[in-house]
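Encoded as structure tokens, the structure appears first; notes follow it.
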Amino acid sequence: MEKTVYKYLIRYSLPQQIWLTALAALSFPFLYAFYELPKRIINGAIQGDPEDFPIAIFDFDFDQTGYLFLLCGGFLVLVLINQVFKYYINVYQGLTGERMLRRLRFQLFSRVLRFPQPTFKNMSQGEIIPMITAEVEPLGGFFGEAFALPAFQGGTLVVILAFLFYQNWIMAAAAVALYPIQLYLIPRLQMRVNALGKERVRLVRRLSDRIGEAVQGVPEVHIHDTSQFVLSDFSDRLGSIFHVRYRIYRQKFVIKFINNFIQQLGPFFFYSLGGYLVISGSLEMGTLVAAIAAHKDLGGPWKELLSFYQRREDAKIKYDQVIGQFEPVGMPDESMQTDEPEMIEPLTGDLTMANLTLTDEVGDNVVDGISLNVTMPARVAIVGESGSGTSDLAQLLSRLLYPTRGGVSIGGRELTGMPEAVTGRRLAYVGQQGYVFAGSLGFNLLYGLKHRPMQEFEYEGEAKSQRTWHENEAEAAGNTTLDINADWIDMEAAGADSPESLQAQGLRALELVGLDDEVYRLGLRGTIDPKERNDLAEAILRARASFRDHLEEDDHMADLIEVFDRSAYNTNATMGENLLFGNIVGEAFDMDRLADNPYVLEVLEKVGLTERVLQIGYDTAATMVEIFADVPPDHELFQQYSFVSAEELGELQHWLTRVDRENLIGLSEEERSQIMSLPFKLIPARHRLGMIDEDIQEKLLDAREVFARDLPEDAKDSVEFFDLDTYASTANIQDNIIFGRIVYGRPEATERVSALISEVIEELGLRDTVVEVGLSYDVGVSGSRLSSGQRQKLALARSILKRPDILFLSEATAALDTASQALIMENLLEEFADRGLVWVLHKADLAREFDYVLVMRSGKVAEEGTFEELISDGTYFKQLLDGA
Amino acid sequence: MSLNEEVDLLRKIPLFANIEPSKLKLLAFTSERLKFREGTELFHQGDMGDSAYIIIDGAVGIVVSTPNGDVKVAEVNKNDIIGEIAILCDVPRTATVIADQDVEVLKISKELFFQMVGEFPQMAVEIMRELAIRLEKTTSQLTQALNS
């Protein structure tokens with residue numbers, strides 16, 4: 001990148017800077033006139049000799065008043081012109097600056113994407129992020145004003161000075177007499193500020209690095225009680241930053257003080273020297289007034305220039321310090337990522353290493369001059385003790401790492417200079433921990449197919465012109481114009497020709513790594529929007545019907561589910577759920593706070609249940625007090641089983657002694673809501689308190705009717721009532737199929753029910769549909785809602801889906817359970833039987849099924865051959881095998 | 001069957017005979033009421049146990065697997081407790097328990113069981129007595145077996 005901020009500016013914004021400077025120059029004549037005119041108005045029009053009038057201008061005669069208004073009108077026009085200039089220049093500056101900032105950020109980020117892998121060992125996320133976001137931010141302002149501001153303000157200064165000198169050179173000279181002192185002093189003071197500024201940037205970067213580290217390592221902080229240690233370190237860093245910042249402030253204000261003082265010396269000279277000249281009659285009063293006004297205006301640009309100078313110094317530091325970090329050794333050229341060859345030939349043929357060497361940061365050869373030819377296609381195992389360079393070799397072969405010396409070629413084509421368009425599509429690598437991005441499971445599965453936009457997005461109307469604007473702006477700022485909304489999925493790469501076959505391929509990849517069942521289960525727990533996916537919703541409704549049929553055929557199954565029936569109380573659901581008889585949408589109702597809801601209370605009142613519910617509440621409270629009175633407040637039983645917290649229990653105990661069960665209507669609102677909330681949580685089949693008797697159930701069914709019937713218009717969409725023929729959008733797929741509650745007290749229920757669901761889904765051929773829903777599961781930040789095993793399987797499936805010519809794996813299954821390991825290995829060995837598979841194994845005996853084995857020892861290939869060849873006595877491989 | 005009925009039932013069991021009703025209520029309330037169909041397993045020999053069972057209704061068979069196949073060694077009826085050994089001394093289940101007919105049980109968690117034993121020495125004594133009887137029975141069976 002350009003060495004200095006000015007070089008950068010000139011390279012990317014010369015025309016804009018010239019235009020801005022030209023505009024500034026263009027505005028000066030008007031500015032001069034703007035200062036000249038007031039003098040004319042005072043001396044010529046107001047204090048003019050009446051005998052000079054009328055004055056003829058362009059054949060028009062003006063008397064004194066007319067002349068005054070003419071000049072004043074002219075003054076107004078000049079004010080307008082000057083402001084228009086200012087406005088336009090400012091806006092154009094902003095535009096230029098923002099474009100440049102966008103360009104710089106884009107360039108920095110695109111560099112991050114090209115950093116050689118080892119760079120990240122020394123540079124953390126915590127450092128990179130603030131550099132691209134916060135640190136370069138002020139540069140945007142500077143980019144716009146770099147030339148225009150000094151030109152404009154400097155020019156203004158010159159104009160005003162010219163005006164002053166023209167009026168009276170002695171006075172003008174007096175006004176600027178002290179400027180040289182400023183010009184001498186300030187850069188010297190500023191140098192100290194600059195040094196401190198650099199220090200500050202460095203410290204802040206460290207600080208954000210620390211924050212990033214603390215966030216990532218926060219479990220360790222808890223585990224080892226190091227919070228105070230971490231805080232102390234943080235405080236120490238803040239202290240250093242504070243110290244530096246405080247010194248910067250002091251320096252800055254010293255500069256400001258000197259500036260202001262010198263600036264105020266001007267008026268001193270005007271009043272004293274100018275006043276004397278007016279009294280002695282050698283200076284006109286109007287001239288002095290105009291001069292004072294002009295000097296006042298002089299202060300503005302001069303100050304602007306000085307503060308610009310400070311900003312410029314600041315920008316120079318920022319630029320230097322950021323750019324320096326973004327030029328790591330060995331960074332490949334941009335074309336490595338942007339090149340798009342016409343034809344991308346498969347990377348088939350022998351895998352050849354020629355003096356392949358990788359040196360680490362301390363100068364050790366981790367991979368030490370390997371020269372070797374491996375016949376491809378083949379399934380190759382690499383084994384060796386940890387630290388023997390196996391993983392580095394795999395990364396070199398897949399071009400994730402660049403060799404320090406020597407090279408790798410496949411089928412005679414050297415990898416080093418090859419664009420990523422080839423290596424990234426024809427090769428794949430999965431390490432011990434594949435990364436999973438925030439987004440859906442499906443997004444992650446297809447991630448490896450998104451190289452370039454395949455299909456333009458069709459914009460229409462307003463969106464189309466917006467898109468054009470976006471594209472033009474991106475181009476003006478040197479950003480990529482590729483459209484993020486386009487279809488990026490390269491189906492052909494996955495061997496698919498339609499979204500359906502792509503899904504089939506995706507499923508296959510998931511099956512190969514044994515993730516399909518888990519995705520299926522996620523799908524069962526997933527929700528869909530029936531408006532968007534009506535087909536899915538209908539399919540699920542068919543499954544619901546079929547599930548019902550099965551229940552009817554099998555008495556045992558029927559025992560395990562209590563189906564939703566509008567005319568029957570569901571004893572495996574809470575009273576609240578029985579009343580609403582539907583799923584809550586939005587915030588109008590809260591299942592845990594039904595007793596506070598005015599509409600719910602109104603419904604109970606309507607069916608005459610209020611008192612009964614209060615009594616049940618009373619009885620429940622009494623039972624809770626009886627049962628839990630002697631249980632210690634922090635006991636597990638409390639948290640697990642009690643309806644009320646330990647504190648509430650104490651209150652209730654007290655309360656029960658003074659309240660009459662037969663007269664609960666008169667309770668305060670707060671007490672009522674507390675007592676009433678208890679029955680809403682009761683599940684007869686689970687709690688067996690025997691309080692929700694047949695009579696209550698009957699009445700609640702009435703209440704259920706009333707609740708639905710009288711629901712106010714604005715709450716109509718707040719409850720999605722259970723309806724056998726309607727898909728419940730807020731419930732997950734499994735609950736939609738069951739359409740009821742699994743009963744309590746039947747240990748086999750969960751298993752039997754999910755077996756039946758699977759049966760129904762298979763029968764209707766809906767498994768793929770459910771998996772599809774599972775693919776829309778949101779995996780969370782860095783895939784945190786998946787287990788580490790699931791993440792790894794997903795990373796593997798992603799690499800399989802793009803059908804690489806050679807798949808490189810580095811202990812990619814080492815962290816999985818043994819069954820998964822075996823399954824994946826078997827599947828991959830078969831899948832890649834006629835392609836290339838290079839697998840770094842964590843255990844030597846796993847190499848048995850591979851065609852060829854490379855045995856590594858301290859960066860070199862110590863032995864090679866088939867498993868059978870290597871297994872003979874005395875080999876290092878045998879040692880490894882026995883050691884395992 | 002409601003909680004109160006369960007409490008009545010528990011009181012008839014010697015183990016809980018001297019425990020005050022509110023504690024039995026706690027026991028019943030915090031226990032899971034489970035139904036097992038005829039022929040299903042309550043638990044399996046060798047599994048780790050985390051709960052004991054009180055038979056409320058029906059009968060279960062105790063089956064021990066031996067090198068010669070599974071042998072049914074006992075039948076346990078209503079009002080008896082089973083599975084307490086595994087939670088008392090943290091050993092795997094010593095036998096498999098199968099429902100001989102449709103069975104209803106109360107499943108008592110390990111934590112609750114220990115709390116009750118700790119709180120009511122009477123219960124501990126009852127358990128000791130029960131264990132002693134079983135030991136005596138086993139010993140005499142062993143003697144018999146050795147003699148024959």
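Chains: A, B, ... in order of the structure tokens. Residues: from 1 per chain. Ligands: from 1, in order shown.
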Could you please tell me, as a PDB file with all heavy atoms, in the first residue's frame, which residues of chain B have an atom within 8 Å of chain A when using only C-alpha atoms?
ATOM      1  N   MET B   1     -55.650 -41.349  40.879  1.00  0.00           N
ATOM      2  CA  MET B   1     -55.392 -41.344  42.322  1.00  0.00           C
ATOM      3  C   MET B   1     -54.700 -40.036  42.703  1.00  0.00           C
ATOM      4  O   MET B   1     -53.756 -39.617  42.055  1.00  0.00           O
ATOM      5  CB  MET B   1     -54.491 -42.522  42.691  1.00  0.00           C
ATOM      6  CG  MET B   1     -54.470 -42.772  44.189  1.00  0.00           C
ATOM      7  SD  MET B   1     -53.237 -43.996  44.621  1.00  0.00           S
ATOM      8  CE  MET B   1     -53.948 -45.480  43.960  1.00  0.00           C
ATOM      9  N   SER B   2     -55.200 -39.414  43.720  1.00  0.00           N
ATOM     10  CA  SER B   2     -54.628 -38.121  44.067  1.00  0.00           C
ATOM     11  C   SER B   2     -53.546 -38.291  45.124  1.00  0.00           C
ATOM     12  O   SER B   2     -53.330 -39.369  45.677  1.00  0.00           O
ATOM     13  CB  SER B   2     -55.710 -37.185  44.587  1.00  0.00           C
ATOM     14  OG  SER B   2     -56.003 -37.518  45.920  1.00  0.00           O
ATOM     15  N   LEU B   3     -52.924 -37.177  45.399  1.00  0.00           N
ATOM     16  CA  LEU B   3     -51.820 -37.153  46.347  1.00  0.00           C
ATOM     17  C   LEU B   3     -52.230 -37.723  47.707  1.00  0.00           C
ATOM     18  O   LEU B   3     -51.493 -38.503  48.315  1.00  0.00           O
ATOM     19  CB  LEU B   3     -51.375 -35.689  46.498  1.00  0.00           C
ATOM     20  CG  LEU B   3     -49.953 -35.434  46.924  1.00  0.00           C
ATOM     21  CD1 LEU B   3     -48.992 -36.028  45.911  1.00  0.00           C
ATOM     22  CD2 LEU B   3     -49.728 -33.939  47.045  1.00  0.00           C
ATOM     23  N   ASN B   4     -53.404 -37.349  48.148  1.00  0.00           N
ATOM     24  CA  ASN B   4     -53.835 -37.791  49.478  1.00  0.00           C
ATOM     25  C   ASN B   4     -53.997 -39.304  49.544  1.00  0.00           C
ATOM     26  O   ASN B   4     -53.613 -39.947  50.525  1.00  0.00           O
ATOM     27  CB  ASN B   4     -55.141 -37.102  49.857  1.00  0.00           C
ATOM     28  CG  ASN B   4     -54.903 -35.621  50.149  1.00  0.00           C
ATOM     29  OD1 ASN B   4     -53.836 -35.258  50.644  1.00  0.00           O
ATOM     30  ND2 ASN B   4     -55.873 -34.790  49.816  1.00  0.00           N
ATOM     31  N   SER B  22     -47.150 -34.965  56.517  1.00  0.00           N
ATOM     32  CA  SER B  22     -46.686 -33.899  55.621  1.00  0.00           C
ATOM     33  C   SER B  22     -45.413 -34.329  54.891  1.00  0.00           C
ATOM     34  O   SER B  22     -45.179 -33.952  53.747  1.00  0.00           O
ATOM     35  CB  SER B  22     -46.460 -32.606  56.395  1.00  0.00           C
ATOM     36  OG  SER B  22     -45.300 -32.714  57.183  1.00  0.00           O
ATOM     37  N   LYS B  23     -44.602 -35.155  55.570  1.00  0.00           N
ATOM     38  CA  LYS B  23     -43.390 -35.646  54.916  1.00  0.00           C
ATOM     39  C   LYS B  23     -43.732 -36.657  53.825  1.00  0.00           C
ATOM     40  O   LYS B  23     -43.110 -36.683  52.764  1.00  0.00           O
ATOM     41  CB  LYS B  23     -42.471 -36.323  55.950  1.00  0.00           C
ATOM     42  CG  LYS B  23     -41.834 -35.391  56.907  1.00  0.00           C
ATOM     43  CD  LYS B  23     -40.855 -34.479  56.188  1.00  0.00           C
ATOM     44  CE  LYS B  23     -40.711 -33.198  56.995  1.00  0.00           C
ATOM     45  NZ  LYS B  23     -40.152 -32.100  56.271  1.00  0.00           N
ATOM     46  N   LYS B  25     -46.361 -36.595  52.207  1.00  0.00           N
ATOM     47  CA  LYS B  25     -46.920 -35.797  51.114  1.00  0.00           C
ATOM     48  C   LYS B  25     -45.791 -35.249  50.245  1.00  0.00           C
ATOM     49  O   LYS B  25     -45.869 -35.254  49.022  1.00  0.00           O
ATOM     50  CB  LYS B  25     -47.725 -34.636  51.696  1.00  0.00           C
ATOM     51  CG  LYS B  25     -49.044 -34.431  50.987  1.00  0.00           C
ATOM     52  CD  LYS B  25     -49.872 -33.392  51.667  1.00  0.00           C
ATOM     53  CE  LYS B  25     -51.319 -33.550  51.280  1.00  0.00           C
ATOM     54  NZ  LYS B  25     -52.175 -32.604  51.968  1.00  0.00           N
ATOM     55  N   LEU B  26     -44.767 -34.758  50.926  1.00  0.00           N
ATOM     56  CA  LEU B  26     -43.595 -34.268  50.192  1.00  0.00           C
ATOM     57  C   LEU B  26     -43.014 -35.386  49.341  1.00  0.00           C
ATOM     58  O   LEU B  26     -42.688 -35.207  48.163  1.00  0.00           O
ATOM     59  CB  LEU B  26     -42.541 -33.751  51.178  1.00  0.00           C
ATOM     60  CG  LEU B  26     -41.202 -33.321  50.578  1.00  0.00           C
ATOM     61  CD1 LEU B  26     -41.371 -32.077  49.723  1.00  0.00           C
ATOM     62  CD2 LEU B  26     -40.165 -33.068  51.660  1.00  0.00           C
ATOM     63  N   PHE B  29     -45.393 -36.042  46.506  1.00  0.00           N
ATOM     64  CA  PHE B  29     -45.459 -34.937  45.547  1.00  0.00           C
ATOM     65  C   PHE B  29     -44.214 -34.855  44.680  1.00  0.00           C
ATOM     66  O   PHE B  29     -44.279 -34.558  43.491  1.00  0.00           O
ATOM     67  CB  PHE B  29     -45.654 -33.617  46.299  1.00  0.00           C
ATOM     68  CG  PHE B  29     -45.864 -32.441  45.396  1.00  0.00           C
ATOM     69  CD1 PHE B  29     -47.010 -32.339  44.622  1.00  0.00           C
ATOM     70  CD2 PHE B  29     -44.921 -31.431  45.320  1.00  0.00           C
ATOM     71  CE1 PHE B  29     -47.208 -31.264  43.792  1.00  0.00           C
ATOM     72  CE2 PHE B  29     -45.112 -30.353  44.479  1.00  0.00           C
ATOM     73  CZ  PHE B  29     -46.268 -30.269  43.724  1.00  0.00           C
ATOM     74  N   THR B  30     -43.063 -35.099  45.298  1.00  0.00           N
ATOM     75  CA  THR B  30     -41.831 -34.959  44.533  1.00  0.00           C
ATOM     76  C   THR B  30     -41.438 -36.259  43.836  1.00  0.00           C
ATOM     77  O   THR B  30     -40.412 -36.337  43.189  1.00  0.00           O
ATOM     78  CB  THR B  30     -40.681 -34.507  45.446  1.00  0.00           C
ATOM     79  OG1 THR B  30     -40.619 -35.377  46.551  1.00  0.00           O
ATOM     80  CG2 THR B  30     -40.911 -33.104  45.950  1.00  0.00           C
ATOM     81  N   GLU B  32     -42.225 -39.297  41.066  1.00  0.00           N
ATOM     82  CA  GLU B  32     -42.953 -39.428  39.818  1.00  0.00           C
ATOM     83  C   GLU B  32     -43.872 -40.630  39.919  1.00  0.00           C
ATOM     84  O   GLU B  32     -43.472 -41.685  40.411  1.00  0.00           O
ATOM     85  CB  GLU B  32     -41.955 -39.660  38.678  1.00  0.00           C
ATOM     86  CG  GLU B  32     -41.893 -38.550  37.682  1.00  0.00           C
ATOM     87  CD  GLU B  32     -40.924 -38.924  36.581  1.00  0.00           C
ATOM     88  OE1 GLU B  32     -39.719 -39.085  36.868  1.00  0.00           O
ATOM     89  OE2 GLU B  32     -41.386 -39.074  35.448  1.00  0.00           O
ATOM     90  N   ARG B  33     -45.077 -40.467  39.460  1.00  0.00           N
ATOM     91  CA  ARG B  33     -45.994 -41.588  39.453  1.00  0.00           C
ATOM     92  C   ARG B  33     -45.927 -42.228  38.072  1.00  0.00           C
ATOM     93  O   ARG B  33     -46.209 -41.577  37.075  1.00  0.00           O
ATOM     94  CB  ARG B  33     -47.398 -41.026  39.716  1.00  0.00           C
ATOM     95  CG  ARG B  33     -48.522 -41.985  39.564  1.00  0.00           C
ATOM     96  CD  ARG B  33     -48.694 -42.802  40.825  1.00  0.00           C
ATOM     97  NE  ARG B  33     -49.964 -43.502  40.762  1.00  0.00           N
ATOM     98  CZ  ARG B  33     -51.065 -43.054  41.321  1.00  0.00           C
ATOM     99  NH1 ARG B  33     -51.075 -41.906  41.975  1.00  0.00           N
ATOM    100  NH2 ARG B  33     -52.175 -43.755  41.234  1.00  0.00           N
ATOM    101  N   LEU B  34     -45.483 -43.459  38.007  1.00  0.00           N
ATOM    102  CA  LEU B  34     -45.264 -44.077  36.699  1.00  0.00           C
ATOM    103  C   LEU B  34     -46.096 -45.347  36.521  1.00  0.00           C
ATOM    104  O   LEU B  34     -46.353 -46.067  37.486  1.00  0.00           O
ATOM    105  CB  LEU B  34     -43.790 -44.450  36.527  1.00  0.00           C
ATOM    106  CG  LEU B  34     -42.775 -43.311  36.550  1.00  0.00           C
ATOM    107  CD1 LEU B  34     -41.361 -43.880  36.431  1.00  0.00           C
ATOM    108  CD2 LEU B  34     -43.033 -42.330  35.428  1.00  0.00           C
ATOM    109  N   LYS B  35     -46.493 -45.576  35.286  1.00  0.00           N
ATOM    110  CA  LYS B  35     -47.185 -46.819  34.938  1.00  0.00           C
ATOM    111  C   LYS B  35     -46.290 -47.636  34.030  1.00  0.00           C
ATOM    112  O   LYS B  35     -45.750 -47.109  33.056  1.00  0.00           O
ATOM    113  CB  LYS B  35     -48.458 -46.485  34.140  1.00  0.00           C
ATOM    114  CG  LYS B  35     -49.687 -46.292  34.975  1.00  0.00           C
ATOM    115  CD  LYS B  35     -50.875 -46.128  34.035  1.00  0.00           C
ATOM    116  CE  LYS B  35     -51.966 -45.386  34.760  1.00  0.00           C
ATOM    117  NZ  LYS B  35     -53.069 -45.010  33.874  1.00  0.00           N
ATOM    118  N   PHE B  36     -46.126 -48.905  34.356  1.00  0.00           N
ATOM    119  CA  PHE B  36     -45.387 -49.786  33.450  1.00  0.00           C
ATOM    120  C   PHE B  36     -46.323 -50.865  32.948  1.00  0.00           C
ATOM    121  O   PHE B  36     -47.075 -51.459  33.729  1.00  0.00           O
ATOM    122  CB  PHE B  36     -44.196 -50.426  34.192  1.00  0.00           C
ATOM    123  CG  PHE B  36     -43.075 -49.476  34.479  1.00  0.00           C
ATOM    124  CD1 PHE B  36     -43.058 -48.746  35.654  1.00  0.00           C
ATOM    125  CD2 PHE B  36     -42.043 -49.300  33.566  1.00  0.00           C
ATOM    126  CE1 PHE B  36     -42.037 -47.863  35.926  1.00  0.00           C
ATOM    127  CE2 PHE B  36     -41.013 -48.419  33.830  1.00  0.00           C
ATOM    128  CZ  PHE B  36     -41.006 -47.698  35.014  1.00  0.00           C
ATOM    129  N   LEU B 112     -33.933 -37.425  47.415  1.00  0.00           N
ATOM    130  CA  LEU B 112     -35.062 -37.370  48.328  1.00  0.00           C
ATOM    131  C   LEU B 112     -34.997 -38.526  49.315  1.00  0.00           C
ATOM    132  O   LEU B 112     -35.209 -38.360  50.522  1.00  0.00           O
ATOM    133  CB  LEU B 112     -36.356 -37.431  47.521  1.00  0.00           C
ATOM    134  CG  LEU B 112     -37.619 -37.277  48.342  1.00  0.00           C
ATOM    135  CD1 LEU B 112     -37.698 -35.881  48.916  1.00  0.00           C
ATOM    136  CD2 LEU B 112     -38.844 -37.563  47.497  1.00  0.00           C
TER     137      LEU B 112
END
For this session: Enumerate, as a ChimeraX atom specification, the complete set of residues in range 356-589 of chain A that a backbone-based DSSP assignment places in alpha helix (DSSP H).
Result: /A:390-397,420-426,441-445,462-476,499-512,516-524,534-553,555-560,575-580
Work out how far CA of Gln395 in chain A is from CA of Tyr429 in chain A, in Å to one decimal.
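These atoms are spaced 7.5 Å apart.
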From CA of Arg399 in chain A to CA of Leu415 in chain A the spacing works out at 6.9 Å
| said: I need the residues in range 376-599 of chain A that are strand (DSSP E or B) according to DSSP; give them as JSON, numbers by chain. | reply: {"A": [379, 380, 381, 382, 383, 384, 405, 406, 407, 408, 409, 410, 413, 414, 427, 428, 429, 430, 440, 450, 451, 452, 453, 454, 455, 487, 488, 489, 561, 562, 563, 582, 583, 584]}
Go ahead and save the residues from that selection, with N, CA, C and O atoms, as a CSV table (one decimal), in the first residue's frame.
chain,number,residue,atom,x,y,z
A,379,ARG,N,-5.8,-43.0,-1.7
A,379,ARG,CA,-6.2,-42.6,-0.4
A,379,ARG,C,-5.0,-42.7,0.5
A,379,ARG,O,-4.5,-43.9,0.7
A,380,VAL,N,-4.5,-41.6,0.9
A,380,VAL,CA,-3.2,-41.6,1.5
A,380,VAL,C,-3.3,-41.2,3.0
A,380,VAL,O,-4.0,-40.2,3.3
A,381,ALA,N,-2.7,-42.0,3.8
A,381,ALA,CA,-2.7,-41.7,5.3
A,381,ALA,C,-1.3,-41.0,5.6
A,381,ALA,O,-0.3,-41.5,5.1
A,382,ILE,N,-1.4,-40.0,6.4
A,382,ILE,CA,-0.1,-39.4,7.0
A,382,ILE,C,-0.1,-39.7,8.5
A,382,ILE,O,-1.1,-39.3,9.2
A,383,VAL,N,0.9,-40.3,9.0
A,383,VAL,CA,0.9,-40.5,10.4
A,383,VAL,C,2.3,-40.0,11.0
A,383,VAL,O,3.2,-39.8,10.2
A,384,GLY,N,2.3,-39.8,12.2
A,384,GLY,CA,3.5,-39.3,12.9
A,384,GLY,C,3.1,-38.8,14.2
A,384,GLY,O,1.9,-38.6,14.5
A,405,ARG,N,10.2,-22.7,1.2
A,405,ARG,CA,11.0,-23.0,0.1
A,405,ARG,C,10.4,-24.2,-0.6
A,405,ARG,O,9.6,-25.0,0.0
A,406,GLY,N,10.7,-24.5,-1.9
A,406,GLY,CA,10.2,-25.6,-2.6
A,406,GLY,C,8.8,-25.4,-2.9
A,406,GLY,O,8.2,-24.3,-2.8
A,407,GLY,N,8.2,-26.5,-3.4
A,407,GLY,CA,6.8,-26.3,-3.8
A,407,GLY,C,6.0,-27.6,-3.9
A,407,GLY,O,6.6,-28.7,-3.7
A,408,VAL,N,4.8,-27.5,-4.2
A,408,VAL,CA,3.9,-28.6,-4.4
A,408,VAL,C,3.2,-28.5,-5.8
A,408,VAL,O,2.9,-27.4,-6.2
A,409,SER,N,3.2,-29.6,-6.5
A,409,SER,CA,2.4,-29.5,-7.7
A,409,SER,C,1.5,-30.8,-7.8
A,409,SER,O,1.8,-31.8,-7.2
A,410,ILE,N,0.4,-30.5,-8.5
A,410,ILE,CA,-0.5,-31.6,-8.7
A,410,ILE,C,-0.7,-31.8,-10.2
A,410,ILE,O,-1.0,-30.9,-10.9
A,413,ARG,N,1.1,-29.3,-12.1
A,413,ARG,CA,0.8,-27.9,-12.0
A,413,ARG,C,1.1,-27.3,-10.6
A,413,ARG,O,0.6,-27.8,-9.6
A,414,GLU,N,2.0,-26.4,-10.7
A,414,GLU,CA,2.5,-25.8,-9.4
A,414,GLU,C,1.4,-25.1,-8.6
A,414,GLU,O,0.6,-24.3,-9.2
A,427,LEU,N,-9.8,-28.3,-4.3
A,427,LEU,CA,-9.2,-28.9,-3.2
A,427,LEU,C,-10.1,-28.6,-1.9
A,427,LEU,O,-10.8,-27.6,-2.0
A,428,ALA,N,-10.0,-29.4,-0.9
A,428,ALA,CA,-10.6,-29.0,0.3
A,428,ALA,C,-9.8,-29.5,1.5
A,428,ALA,O,-9.0,-30.5,1.4
A,429,TYR,N,-9.9,-28.8,2.6
A,429,TYR,CA,-9.1,-29.1,3.8
A,429,TYR,C,-10.0,-28.9,5.0
A,429,TYR,O,-10.7,-28.0,5.1
A,430,VAL,N,-10.0,-29.9,5.9
A,430,VAL,CA,-10.7,-29.8,7.2
A,430,VAL,C,-9.7,-30.1,8.3
A,430,VAL,O,-9.0,-31.1,8.3
A,440,SER,N,-27.7,-20.2,9.3
A,440,SER,CA,-28.4,-21.4,9.4
A,440,SER,C,-27.4,-22.6,9.1
A,440,SER,O,-26.3,-22.4,8.5
A,450,LYS,N,-20.0,-21.1,-2.6
A,450,LYS,CA,-20.3,-19.7,-3.0
A,450,LYS,C,-19.0,-19.0,-3.4
A,450,LYS,O,-18.4,-18.3,-2.6
A,451,HIS,N,-18.6,-19.2,-4.6
A,451,HIS,CA,-17.4,-18.6,-5.1
A,451,HIS,C,-17.6,-17.3,-5.8
A,451,HIS,O,-17.0,-16.3,-5.6
A,452,ARG,N,-18.6,-17.3,-6.7
A,452,ARG,CA,-18.9,-16.1,-7.5
A,452,ARG,C,-20.4,-16.1,-7.7
A,452,ARG,O,-21.1,-17.2,-7.6
A,453,PRO,N,-21.0,-15.0,-8.0
A,453,PRO,CA,-22.5,-15.0,-8.2
A,453,PRO,C,-22.8,-15.8,-9.4
A,453,PRO,O,-22.1,-15.7,-10.5
A,454,MET,N,-23.8,-16.7,-9.3
A,454,MET,CA,-24.1,-17.6,-10.4
A,454,MET,C,-25.3,-17.0,-11.2
A,454,MET,O,-25.4,-17.1,-12.4
A,455,GLN,N,-26.2,-16.4,-10.5
A,455,GLN,CA,-27.4,-15.9,-11.1
A,455,GLN,C,-27.7,-14.5,-10.6
A,455,GLN,O,-27.8,-14.3,-9.4
A,487,ASP,N,-27.6,-15.1,-6.6
A,487,ASP,CA,-27.5,-16.5,-6.1
A,487,ASP,C,-26.1,-16.9,-6.3
A,487,ASP,O,-25.6,-17.0,-7.4
A,488,TRP,N,-25.4,-17.2,-5.2
A,488,TRP,CA,-24.0,-17.5,-5.2
A,488,TRP,C,-23.7,-19.0,-5.3
A,488,TRP,O,-22.6,-19.5,-5.4
A,489,ILE,N,-24.8,-19.8,-5.2
A,489,ILE,CA,-24.6,-21.2,-5.0
A,489,ILE,C,-24.2,-21.9,-6.4
A,489,ILE,O,-25.0,-21.9,-7.3
A,561,ILE,N,-50.7,-40.5,24.5
A,561,ILE,CA,-51.0,-39.1,24.1
A,561,ILE,C,-52.4,-38.7,24.5
A,561,ILE,O,-53.3,-39.4,24.3
A,562,GLU,N,-52.4,-37.6,25.1
A,562,GLU,CA,-53.7,-37.0,25.3
A,562,GLU,C,-53.9,-35.9,24.3
A,562,GLU,O,-53.3,-34.8,24.3
A,563,VAL,N,-54.8,-36.2,23.3
A,563,VAL,CA,-54.9,-35.3,22.1
A,563,VAL,C,-55.6,-34.0,22.5
A,563,VAL,O,-56.4,-34.0,23.5
A,582,GLY,N,-54.6,-22.9,23.0
A,582,GLY,CA,-53.9,-22.5,21.8
A,582,GLY,C,-52.5,-22.0,22.2
A,582,GLY,O,-52.1,-22.0,23.4
A,583,ASN,N,-51.7,-21.6,21.2
A,583,ASN,CA,-50.4,-21.1,21.4
A,583,ASN,C,-50.4,-19.6,21.4
A,583,ASN,O,-51.1,-18.9,20.6
A,584,ILE,N,-49.6,-19.0,22.3
A,584,ILE,CA,-49.6,-17.5,22.4
A,584,ILE,C,-48.7,-17.0,21.3
A,584,ILE,O,-47.6,-17.5,21.0
Expressed in Å, the length from CA of Leu682 in chain A to CA of Asn578 in chain A is 10.3 Å
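Near range 6-17 of chain B, within 9 Å and counting only C-alpha atoms, sit Met1, Ser2, Leu3, Asn4, Ile19, Glu20, Pro21, Ser22, Leu24, Lys25, Leu27, Ala28, Ile54, Ile56, Asn79, Asp80, Ile81, Leu106, Gln122, Met123, Ala124, Val125, Glu126, Ile127 and Glu130 of chain B, not including residues fewer than 2 positions from it in the same chain.
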